[in-house]
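Enquirer: Take this structure, written in structure tokens, and hold onto it; I'll ask about it next.
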Amino acid sequence: MDLVLLRLSALGDILRVLPAWANLHEAFPDTRFRAVVEDRHAFLLEPLPWLEPVIVRRKRLSNPLTALPELKRVAGLIRDAEASLDFHGILKAALIPRLATLPERWGDGVTKEFAGALQTHPLPFRRQTRYEQALGLSEAFGLSRGVNGLGRFRPVLKTVPLPDPGPVWLQEARPRAVLVPGASRRGAIKRWPLRHWISLARMLKERWDLRWSLGPEEEALRDWLPEATGVAALPRLGFWQLASALRQADRVVAPDTGLLHLAVVLGVPALGLYGSSDPVVAGLPPGAGQVLRTGISCSPCRERACQRRQCLEELTPEQVASAI
């Protein structure tokens, strides 16, 4: 069998479909799996060598003059596949297998821009987490081939080989926690207030071996945050070295961002600090961790320019420390 798996972006969303993709591989080990992803996220497939990347060039896809030629180019690369499973549900993703004239084009039930009209096997919509959404598609496809059990969640990166991050932990006797104060520039509205992070670190550092995880967007914090809090930052690491360091932790505390979901698929208990994020759609699988939020009346929302940020301001360091 030859299957095409589609999830163009983004980092956290691709991480959330990996458990479903791994279940498919386990059920159909002799199948050729091709994963259609954007070039900027192809590195996420590296620990799973049975996934063959099919690269979509984001710059060409984002340009109205070159988008259709790019989709046709990618469609030509998968034209010989038996079926596609669309884990994205947008028009650009759905067009690729349609242009390739694949006989079976499955969709996970969440469709935008009329993408479902291009699928031959669209699932009914269900309000559920993105993990469950992806696992449901794998389950449905498995049942169509007489295979059960593809809807279960597993932390698929818990035991895969990862590069050594070096000596990043010092206190052997204490539990280890990684604090992630940042988020992408686009997801800046998801950041818990920095003063809350500082208070939390001071509350925990006598009992926990803490480390800050500071990405490129938080580079300026390296100049003063470790000294101000007495909590060291993880060194600048490549993505999979960082994943290896996270996997050595006992807890990861983060907003609804990529590193939170990286912790989930690594099998590290995660504590998500949610403000505007939908606790259902952006939630965590059972047993993978906990979502902490105030639940004020205007949350969840999609207002990226909110100035009050009351949903995160009112989530106190004391509440977070108690949950940890």
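Chains: A, B, ... in order of the structure tokens. Residues: from 1 per chain. Ligands: from 1, in order shown.
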Which residues of segment 266-317 of chain A come within 7 Å of segment 246-252 of chain A, and for each one, what is the closest pair of atoms and their distance in Å to one decimal, counting only C-alpha atoms, sorted by chain and residue number, as a Markdown table?
Expert:
```
| residue | atom | partner | partner_atom | distance |
| --- | --- | --- | --- | --- |
| A:Leu266 | CA | A:Arg247 | CA | 6.0 |
| A:Val268 | CA | A:Arg251 | CA | 6.0 |
| A:Pro269 | CA | A:Arg251 | CA | 5.1 |
| A:Ala270 | CA | A:Val252 | CA | 4.9 |
| A:Leu271 | CA | A:Val252 | CA | 6.2 |
```
Enquirer: Check which residues of segment 187-281 of chain A sit at most 7 Å from segment 142-155 of chain A using only C-alpha atoms, and return one row each with the closest pair of atoms and their distance in Å to one decimal, ordered by chain and rising number, as JSON lines.
Expert:
```
{"residue": "A:Val264", "atom": "CA", "partner": "A:Pro155", "partner_atom": "CA", "distance": 6.4}
{"residue": "A:Val265", "atom": "CA", "partner": "A:Pro155", "partner_atom": "CA", "distance": 4.2}
{"residue": "A:Leu266", "atom": "CA", "partner": "A:Pro155", "partner_atom": "CA", "distance": 5.5}
{"residue": "A:Gly267", "atom": "CA", "partner": "A:Pro155", "partner_atom": "CA", "distance": 4.9}
```
Enquirer: Deliver the residues from the most recent selection as a file, using C-alpha atoms, as a compact mmCIF listing (two decimals), in the first residue's frame.
Expert:
```
# COMPACT_ATOMS: atom_id res chain seq x y z
CA VAL A 264 3.25 15.58 25.07
CA VAL A 265 4.65 13.44 22.25
CA LEU A 266 7.90 12.99 24.23
CA GLY A 267 5.90 11.54 27.12
```
Enquirer: Excluding His121 of chain A and its own-chain neighbours fewer than 4 positions away, which residues fall within 10 Å of it when counting only C-alpha atoms? Please give them as number ranges by chain.
Expert: A: 84-85, 104-109, 116-117, 140-141
Enquirer: Could you save those same residues with C-alpha atoms as an mmCIF file, in the first residue's frame?
Expert:
```cif
data_model
loop_
_atom_site.group_PDB
_atom_site.id
_atom_site.type_symbol
_atom_site.label_atom_id
_atom_site.label_comp_id
_atom_site.auth_asym_id
_atom_site.auth_seq_id
_atom_site.Cartn_x
_atom_site.Cartn_y
_atom_site.Cartn_z
ATOM 1 C CA SER A 84 -4.441 10.239 0.934
ATOM 2 C CA LEU A 85 -5.315 11.195 4.502
ATOM 3 C CA GLU A 104 -9.312 7.653 -2.095
ATOM 4 C CA ARG A 105 -9.062 11.061 -0.447
ATOM 5 C CA TRP A 106 -9.860 10.932 3.260
ATOM 6 C CA GLY A 107 -10.493 13.939 5.500
ATOM 7 C CA ASP A 108 -10.594 14.229 9.302
ATOM 8 C CA GLY A 109 -13.899 16.126 9.519
ATOM 9 C CA GLY A 116 -14.389 18.671 2.175
ATOM 10 C CA ALA A 117 -15.943 18.861 -1.281
ATOM 11 C CA ALA A 140 -11.558 5.278 10.416
ATOM 12 C CA PHE A 141 -9.019 4.407 7.736
#
```
Enquirer: Pull the alpha helix (DSSP H) assignments for segment 105-265 of chain A out of DSSP run on the backbone, and list those residues as a count of residues only.
Expert: 48
Enquirer: Work out how far apart atom CA of Arg211 of chain A and atom CA of Gln290 of chain A are and give it in Å to one decimal.
Expert: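 Separating atom CA of Arg211 of chain A from atom CA of Gln290 of chain A is a distance of 19.8 Å.
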Enquirer: Any idea what's packed within 10 Å of segment 160-172 of chain A, counting only C-alpha atoms, ignoring anything in its chain fewer than 3 positions away? Could you give it as a count of residues only?
Expert: 31
Enquirer: Each residue of segment 95-173 of chain A lying at most 9 Å from segment 72-83 of chain A should get a row with its shortest atom-to-atom pair and the distance in Å to one decimal, counting only C-alpha atoms; could you produce that, ordered by chain and increasing number, as a tab-separated table?
Expert:
```
residue	atom	partner	partner_atom	distance
A:Leu95	CA	A:Ala75	CA	8.4
A:Ile96	CA	A:Ala75	CA	5.0
A:Pro97	CA	A:Ala75	CA	6.2
A:Arg98	CA	A:Ala75	CA	8.0
A:Leu99	CA	A:Ala75	CA	5.8
A:Ala100	CA	A:Ala75	CA	4.7
A:Thr101	CA	A:Arg79	CA	7.0
A:Leu102	CA	A:Ala83	CA	5.9
A:Pro103	CA	A:Ala83	CA	6.3
A:Glu104	CA	A:Ala83	CA	4.6
A:Arg105	CA	A:Ala83	CA	5.8
A:Trp106	CA	A:Ala83	CA	7.6
```
Enquirer: Can I get the selection written as a PDB file, in the first residue's frame, with C-alpha atoms?
Expert:
```pdb
ATOM      1  CA  LEU A  95      -6.200  20.277  -3.709  1.00  0.00           C
ATOM      2  CA  ILE A  96      -2.962  18.275  -3.788  1.00  0.00           C
ATOM      3  CA  PRO A  97      -4.488  14.751  -3.799  1.00  0.00           C
ATOM      4  CA  ARG A  98      -7.377  15.995  -5.958  1.00  0.00           C
ATOM      5  CA  LEU A  99      -4.939  17.275  -8.601  1.00  0.00           C
ATOM      6  CA  ALA A 100      -3.121  13.947  -8.317  1.00  0.00           C
ATOM      7  CA  THR A 101      -6.470  12.171  -8.982  1.00  0.00           C
ATOM      8  CA  LEU A 102      -5.954   9.764  -6.087  1.00  0.00           C
ATOM      9  CA  PRO A 103      -8.862   7.302  -5.898  1.00  0.00           C
ATOM     10  CA  GLU A 104      -9.312   7.653  -2.095  1.00  0.00           C
ATOM     11  CA  ARG A 105      -9.062  11.061  -0.447  1.00  0.00           C
ATOM     12  CA  TRP A 106      -9.860  10.932   3.260  1.00  0.00           C
TER      13      TRP A 106
END
```
